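> Right, I'll just put the structure down here and ask away after.
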Amino acid sequence: MEDLIAPAKGEPAARAKSSRQSTQSNLLPHLSSLNDRFSELSGVAPATSVFKSFIDPILVVATLYALHFAFQVTFDGYAIALACTAFLLSAQLLDGTFLFVPGEARPLLGLGRFMVSWSLIVAVLLLLGDVTGFADYFYPPYIVTWFLAAPAALLLVHLLCRPIFLSTGRSWQSRRRAVIVGANAAGLMLAQSMRTSKLQRYEFVGYFDDRSISRLQGLIASDLLGRLNDLPAYIKANNIHNVYISLPMTSQPRVMDLLEDLKDSTASIYFVPDFFVFDLIQARFDNIAGMPVVAVCESPFVGINGMLKRASDIVLSLIILAVIWPVMAIVAAAVKLTSPGPVLFRQRRYGADGQSIVVYKFRSMTVLEDGTNIRQAQRDDQRLTSIGAFLRRTSIDELPQFINVLQGRMSIVGPRPHANAHNEMYRKLIRGYMIRHKVRPGITGWAQVCGYRGETNTLDKMEQRIAHDLDYLRNWSIWLDIKIIVMTTLSVLRHRDAY
């Protein structure tokens, strides 16, 4: 959307250091997210994971199938397509975990989120049915009844399973006692997860670390049980079931000695990967031909997330273009009549995976810059056409990018694309700059709705923009996209920071 201004001389080194410090300080929440994934994979909350991934979607489809007997309608290919779509949406969006959490302080909030999730599924299905014409093949009372019966069936099954699950969870918690070797950042976060999560089967006992309590930040004296060589005897004397080794990657000799000492015990031993040294982007487990691997930096749009993201882009773009085409026709005529030159401005920018794409905009300037020297638009820019300032202030010049979305070059929500020349400049100045290109660029993004829209005339502003782009990649959800779209609409109505 914007061109970028070069930083002042001598800034890069200092800014790079500041960026590294900022990155380190922001890693703890992302490590927490990764620990949640560890918990699911290690069986901490297997029932809720199974419900979310399989049982809930199956119940949604089963309700649809059961109703076809009551309404005596044919369960044909169209119904199967509807069932498959509903299954995928339910696996992605539904979450009834709040029903299983003992002592949940705000059950109504969880219930409200559950109902909003189901309402979103219904809205997506209705939009798809209207756009594709599939809605004409279904008996309306049959579909409306399903929309009402499916969430009722889900809540009923969850409530029936709740006593069994909570009873099993309590028995697990009473059996598993765990200690952590290494009171570093990863170990502290793992202990916090064990203590605060109501859906886990482990009791955290304490830490073992060779450092004194005065050197361990965030630790109370009672949590430090001893040094590493005290661990084998402690395990035997205190019925410890699990040992989590959270030592840095540079401690291999100590780890090997510890493993040798622990061979004379029955405790289960786990490694806590020292990912705190990395800036985690969508960290997750995977395997290649049976070989386990861990993703440290990955796109959020892998598998079902990618399908959901692309489907929502296509549906929303078609709807928006169907609504705004008269506006686009009027703007195109106005651009042509008020200044010489083409209606559309085409510029090469980086797309997903850093591939060069062509992005469309309504022309708002008298120049068509697309080379190695591109000057950023500024307030009261003399290059603007007579209607150019209005087009940019209202973001109407961006409307042709919905065509880019249909082409698969862009997404409705994502990091804003920058001109290629500026990408090459800033990738050398800002650590992690190119990671934002792991996804399709967006018409709007998290950075823009957080105040980093418009001119970026200092390196500080660009660093903040990139930091917000990377936060979007780390924390993506369909809810975040909806929030950004709503915030963008409000921002455009206020005409803030664009010129």
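The chains in the structure tokens are called A, B, ... from first to last as shown; in each chain the residues are counted from 1, and the ligands are counted from 1 in the order shown.
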Give me the residues near region 278-288 of chain A as a list in words, where near means some atom within 6 Å (using only C-alpha atoms) and where sequence neighbours in that chain fewer than 5 positions away do not count.
Val293, Val294, Ala295, Val296, Cys297, Glu298, Pro300 and Arg474 of chain A
> For the residues selected in the previous step, produce a file with N, CA and C atoms as a compact mmCIF listing (two decimals), in the first residue's frame.

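Result written to again_31.txt:
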```
# COMPACT_ATOMS: atom_id res chain seq x y z
N VAL A 293 9.64 -34.28 13.55
CA VAL A 293 10.29 -32.99 13.41
C VAL A 293 9.43 -31.95 14.13
N VAL A 294 10.03 -30.82 14.44
CA VAL A 294 9.32 -29.72 15.10
C VAL A 294 9.43 -28.49 14.22
N ALA A 295 8.30 -27.90 13.87
CA ALA A 295 8.30 -26.66 13.10
C ALA A 295 8.57 -25.50 14.05
N VAL A 296 9.59 -24.72 13.75
CA VAL A 296 9.93 -23.54 14.54
C VAL A 296 9.38 -22.28 13.88
N CYS A 297 9.39 -22.25 12.56
CA CYS A 297 8.87 -21.12 11.79
C CYS A 297 8.06 -21.68 10.64
N GLU A 298 6.75 -21.50 10.69
CA GLU A 298 5.86 -22.08 9.69
C GLU A 298 4.68 -21.15 9.44
N PRO A 300 0.81 -20.14 9.29
CA PRO A 300 -0.38 -20.61 10.00
C PRO A 300 -1.38 -21.29 9.09
N ARG A 474 1.86 -15.45 14.32
CA ARG A 474 1.93 -16.32 15.50
C ARG A 474 0.53 -16.67 16.04
```
> Suppose you want the space between CA of Glu260 (chain A) and CA of Val205 (chain A); what is it in Å?
22.2 Å
> Could you check which of A:Pro417, A:Gly354, A:Gly341, A:Gly218 is closest to Ala185 (chain A), using only C-alpha atoms?
A:Gly218
> Going by DSSP on the backbone, which residues of region 177-422 of chain A come out as strand (DSSP E)? List them as an mmCIF file with N, CA and C atoms, in the first residue's frame.

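See selection_8.cif below for the written result:
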```cif
data_model
loop_
_atom_site.group_PDB
_atom_site.id
_atom_site.type_symbol
_atom_site.label_atom_id
_atom_site.label_comp_id
_atom_site.auth_asym_id
_atom_site.auth_seq_id
_atom_site.Cartn_x
_atom_site.Cartn_y
_atom_site.Cartn_z
ATOM 1 N N ARG A 177 3.198 -37.472 39.504
ATOM 2 C CA ARG A 177 4.005 -36.459 40.179
ATOM 3 C C ARG A 177 5.209 -36.160 39.295
ATOM 4 N N ALA A 178 5.503 -34.864 39.092
ATOM 5 C CA ALA A 178 6.526 -34.480 38.122
ATOM 6 C C ALA A 178 7.504 -33.485 38.711
ATOM 7 N N VAL A 179 8.775 -33.596 38.298
ATOM 8 C CA VAL A 179 9.794 -32.603 38.633
ATOM 9 C C VAL A 179 10.419 -32.106 37.335
ATOM 10 N N ILE A 180 10.997 -30.914 37.401
ATOM 11 C CA ILE A 180 11.625 -30.297 36.232
ATOM 12 C C ILE A 180 13.093 -30.066 36.537
ATOM 13 N N VAL A 181 13.942 -30.488 35.611
ATOM 14 C CA VAL A 181 15.384 -30.281 35.737
ATOM 15 C C VAL A 181 15.746 -29.056 34.913
ATOM 16 N N TYR A 202 -0.897 -34.055 35.827
ATOM 17 C CA TYR A 202 0.378 -34.043 36.527
ATOM 18 C C TYR A 202 0.355 -33.088 37.711
ATOM 19 N N GLU A 203 1.049 -33.465 38.760
ATOM 20 C CA GLU A 203 1.249 -32.617 39.925
ATOM 21 C C GLU A 203 2.708 -32.156 39.931
ATOM 22 N N PHE A 204 2.925 -30.869 39.800
ATOM 23 C CA PHE A 204 4.292 -30.344 39.796
ATOM 24 C C PHE A 204 4.827 -30.305 41.216
ATOM 25 N N VAL A 205 6.013 -30.914 41.422
ATOM 26 C CA VAL A 205 6.599 -31.014 42.760
ATOM 27 C C VAL A 205 7.675 -29.953 42.973
ATOM 28 N N GLY A 206 8.575 -29.760 41.987
ATOM 29 C CA GLY A 206 9.612 -28.755 42.149
ATOM 30 C C GLY A 206 10.706 -28.894 41.110
ATOM 31 N N TYR A 207 11.769 -28.079 41.280
ATOM 32 C CA TYR A 207 12.876 -28.017 40.323
ATOM 33 C C TYR A 207 14.145 -28.632 40.909
ATOM 34 N N PHE A 208 14.997 -29.074 39.995
ATOM 35 C CA PHE A 208 16.373 -29.413 40.331
ATOM 36 C C PHE A 208 17.280 -28.578 39.436
ATOM 37 N N LEU A 224 12.869 -25.041 44.823
ATOM 38 C CA LEU A 224 14.158 -25.627 44.460
ATOM 39 C C LEU A 224 14.428 -26.817 45.385
ATOM 40 N N LEU A 225 14.382 -28.030 44.835
ATOM 41 C CA LEU A 225 14.484 -29.250 45.629
ATOM 42 C C LEU A 225 15.916 -29.737 45.800
ATOM 43 N N GLY A 226 16.828 -29.285 44.959
ATOM 44 C CA GLY A 226 18.208 -29.727 45.090
ATOM 45 C C GLY A 226 18.977 -29.568 43.790
ATOM 46 N N ASN A 242 7.374 -38.587 36.634
ATOM 47 C CA ASN A 242 7.863 -37.953 35.400
ATOM 48 C C ASN A 242 8.978 -36.969 35.704
ATOM 49 N N VAL A 243 10.009 -36.989 34.849
ATOM 50 C CA VAL A 243 11.114 -36.039 34.941
ATOM 51 C C VAL A 243 11.185 -35.283 33.616
ATOM 52 N N TYR A 244 11.115 -33.944 33.688
ATOM 53 C CA TYR A 244 11.199 -33.107 32.499
ATOM 54 C C TYR A 244 12.538 -32.372 32.501
ATOM 55 N N ILE A 245 13.368 -32.678 31.524
ATOM 56 C CA ILE A 245 14.702 -32.076 31.445
ATOM 57 C C ILE A 245 14.622 -30.826 30.587
ATOM 58 N N SER A 268 9.458 -41.824 34.070
ATOM 59 C CA SER A 268 9.439 -41.471 32.646
ATOM 60 C C SER A 268 10.222 -40.176 32.469
ATOM 61 N N ILE A 269 11.004 -40.112 31.398
ATOM 62 C CA ILE A 269 11.893 -38.967 31.191
ATOM 63 C C ILE A 269 11.522 -38.279 29.890
ATOM 64 N N TYR A 270 11.394 -36.954 29.950
ATOM 65 C CA TYR A 270 11.036 -36.153 28.786
ATOM 66 C C TYR A 270 12.026 -35.005 28.625
ATOM 67 N N PHE A 271 12.258 -34.634 27.385
ATOM 68 C CA PHE A 271 13.027 -33.431 27.102
ATOM 69 C C PHE A 271 12.067 -32.285 26.805
ATOM 70 N N ARG A 284 4.970 -26.225 15.869
ATOM 71 C CA ARG A 284 4.098 -27.397 15.961
ATOM 72 C C ARG A 284 4.905 -28.649 15.664
ATOM 73 N N PHE A 285 4.338 -29.808 15.994
ATOM 74 C CA PHE A 285 4.957 -31.086 15.699
ATOM 75 C C PHE A 285 4.526 -31.568 14.318
ATOM 76 N N ASP A 286 5.406 -32.309 13.668
ATOM 77 C CA ASP A 286 5.102 -32.904 12.367
ATOM 78 C C ASP A 286 5.974 -34.139 12.220
ATOM 79 N N ASN A 287 5.795 -34.879 11.133
ATOM 80 C CA ASN A 287 6.695 -35.994 10.860
ATOM 81 C C ASN A 287 6.880 -36.136 9.362
ATOM 82 N N ILE A 288 8.039 -36.609 8.971
ATOM 83 C CA ILE A 288 8.365 -36.858 7.570
ATOM 84 C C ILE A 288 8.735 -38.320 7.452
ATOM 85 N N MET A 291 9.689 -39.820 10.660
ATOM 86 C CA MET A 291 10.725 -39.132 11.423
ATOM 87 C C MET A 291 10.129 -37.885 12.062
ATOM 88 N N PRO A 292 10.081 -37.798 13.409
ATOM 89 C CA PRO A 292 9.471 -36.627 14.057
ATOM 90 C C PRO A 292 10.310 -35.377 13.848
ATOM 91 N N VAL A 293 9.640 -34.285 13.551
ATOM 92 C CA VAL A 293 10.287 -32.987 13.407
ATOM 93 C C VAL A 293 9.430 -31.951 14.126
ATOM 94 N N VAL A 294 10.033 -30.816 14.441
ATOM 95 C CA VAL A 294 9.316 -29.722 15.096
ATOM 96 C C VAL A 294 9.432 -28.486 14.221
ATOM 97 N N ALA A 295 8.300 -27.900 13.867
ATOM 98 C CA ALA A 295 8.298 -26.656 13.101
ATOM 99 C C ALA A 295 8.572 -25.497 14.050
ATOM 100 N N LEU A 344 -5.916 1.842 -13.781
ATOM 101 C CA LEU A 344 -5.309 1.022 -12.748
ATOM 102 C C LEU A 344 -3.801 1.250 -12.679
ATOM 103 N N PHE A 345 -3.294 1.311 -11.474
ATOM 104 C CA PHE A 345 -1.863 1.387 -11.234
ATOM 105 C C PHE A 345 -1.399 -0.019 -10.860
ATOM 106 N N ARG A 346 -0.449 -0.540 -11.601
ATOM 107 C CA ARG A 346 0.081 -1.884 -11.340
ATOM 108 C C ARG A 346 1.502 -1.766 -10.795
ATOM 109 N N GLN A 347 1.759 -2.467 -9.706
ATOM 110 C CA GLN A 347 3.096 -2.414 -9.110
ATOM 111 C C GLN A 347 3.498 -3.811 -8.632
ATOM 112 N N ARG A 348 4.765 -4.155 -8.845
ATOM 113 C CA ARG A 348 5.277 -5.454 -8.407
ATOM 114 C C ARG A 348 5.595 -5.404 -6.908
ATOM 115 N N ARG A 349 5.097 -6.412 -6.209
ATOM 116 C CA ARG A 349 5.342 -6.514 -4.782
ATOM 117 C C ARG A 349 5.582 -7.977 -4.429
ATOM 118 N N TYR A 350 6.063 -8.219 -3.226
ATOM 119 C CA TYR A 350 6.315 -9.588 -2.790
ATOM 120 C C TYR A 350 5.017 -10.231 -2.309
ATOM 121 N N SER A 356 7.313 -12.619 -6.568
ATOM 122 C CA SER A 356 6.863 -11.325 -7.061
ATOM 123 C C SER A 356 5.456 -11.445 -7.653
ATOM 124 N N ILE A 357 4.575 -10.540 -7.258
ATOM 125 C CA ILE A 357 3.214 -10.501 -7.793
ATOM 126 C C ILE A 357 2.921 -9.086 -8.267
ATOM 127 N N VAL A 358 1.879 -8.937 -9.064
ATOM 128 C CA VAL A 358 1.430 -7.627 -9.527
ATOM 129 C C VAL A 358 0.169 -7.263 -8.760
ATOM 130 N N VAL A 359 0.213 -6.112 -8.087
ATOM 131 C CA VAL A 359 -0.905 -5.653 -7.259
ATOM 132 C C VAL A 359 -1.600 -4.490 -7.958
ATOM 133 N N TYR A 360 -2.935 -4.487 -7.935
ATOM 134 C CA TYR A 360 -3.732 -3.453 -8.602
ATOM 135 C C TYR A 360 -4.197 -2.393 -7.593
ATOM 136 N N LYS A 361 -4.227 -1.156 -8.067
ATOM 137 C CA LYS A 361 -4.843 -0.057 -7.326
ATOM 138 C C LYS A 361 -5.438 0.913 -8.341
ATOM 139 N N PHE A 362 -6.461 1.656 -7.933
ATOM 140 C CA PHE A 362 -6.878 2.785 -8.765
ATOM 141 C C PHE A 362 -5.770 3.838 -8.720
ATOM 142 N N SER A 411 -4.714 -11.935 0.106
ATOM 143 C CA SER A 411 -5.789 -12.336 1.000
ATOM 144 C C SER A 411 -6.476 -11.061 1.494
ATOM 145 N N ILE A 412 -7.677 -11.185 2.023
ATOM 146 C CA ILE A 412 -8.345 -10.000 2.546
ATOM 147 C C ILE A 412 -7.606 -9.478 3.778
ATOM 148 N N VAL A 413 -7.155 -10.394 4.636
ATOM 149 C CA VAL A 413 -6.403 -10.004 5.829
ATOM 150 C C VAL A 413 -5.019 -10.642 5.788
#
```
> From the list A:Met425, A:Val449, A:Leu59, A:Ile430, which residue is nearest Ala91 (chain A) when using only C-alpha atoms?
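Smallest distance to Ala91 (chain A) is found for A:Leu59.
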> When you look at Leu321 (chain A) with a cut-off of 8 Å (counting only C-alpha atoms), what residues show up, excluding the ones that are within fewer than 4 positions of it in the same chain? I need them as a list in words.
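Everything that qualifies: Ser317, Trp325 and Phe402 of chain A.
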> I'd like the contact shell of Arg436 (chain A) - 7 Å cut-off, only C-alpha atoms, skipping same-chain residues fewer than 3 positions apart - returned as a compact mmCIF listing (two decimals) with N, CA and C atoms, in the first residue's frame.

```
# COMPACT_ATOMS: atom_id res chain seq x y z
N PRO A 415 -0.38 -9.37 6.14
CA PRO A 415 0.57 -8.27 6.11
C PRO A 415 0.46 -7.47 4.81
N TYR A 433 12.37 -9.64 8.92
CA TYR A 433 11.48 -8.90 8.01
C TYR A 433 10.82 -9.83 6.99
N VAL A 439 3.02 -15.81 4.18
CA VAL A 439 1.60 -15.86 3.87
C VAL A 439 1.29 -14.87 2.76
N ASP A 469 2.98 -7.56 12.23
CA ASP A 469 2.77 -8.57 11.18
C ASP A 469 3.16 -9.96 11.68
N LEU A 470 4.27 -10.05 12.40
CA LEU A 470 4.72 -11.34 12.92
C LEU A 470 3.80 -11.83 14.03
```
> Using DSSP on the backbone, list every residue of region 328-485 of chain A that comes out as helix (DSSP H, G or I), and give them as a PyMOL selection string.
chain A and resi 328-338+352-354+388-393+396-398+401-407+420-426+433-438+446-449+459-475+478-485
> Show which residues sit within 12 Å of Val144 (chain A), as a list in words. Count only C-alpha atoms, and ignore same-chain residues fewer than 6 positions away.
Leu64, Leu67, Phe71, Val122, Leu125, Leu126, Ala135, Phe138 and Ala150 of chain A
> Those same residues, written as a compact mmCIF listing (two decimals), in the first residue's frame with C-alpha atoms?

```txt
# COMPACT_ATOMS: atom_id res chain seq x y z
CA LEU A 64 -27.97 -33.78 9.67
CA LEU A 67 -33.05 -35.45 10.35
CA PHE A 71 -38.25 -35.05 7.02
CA VAL A 122 -24.29 -21.29 9.86
CA LEU A 125 -22.89 -22.32 4.99
CA LEU A 126 -25.67 -19.90 4.06
CA ALA A 135 -29.29 -23.76 -1.22
CA PHE A 138 -32.45 -28.33 0.16
CA ALA A 150 -27.06 -29.61 16.04
```
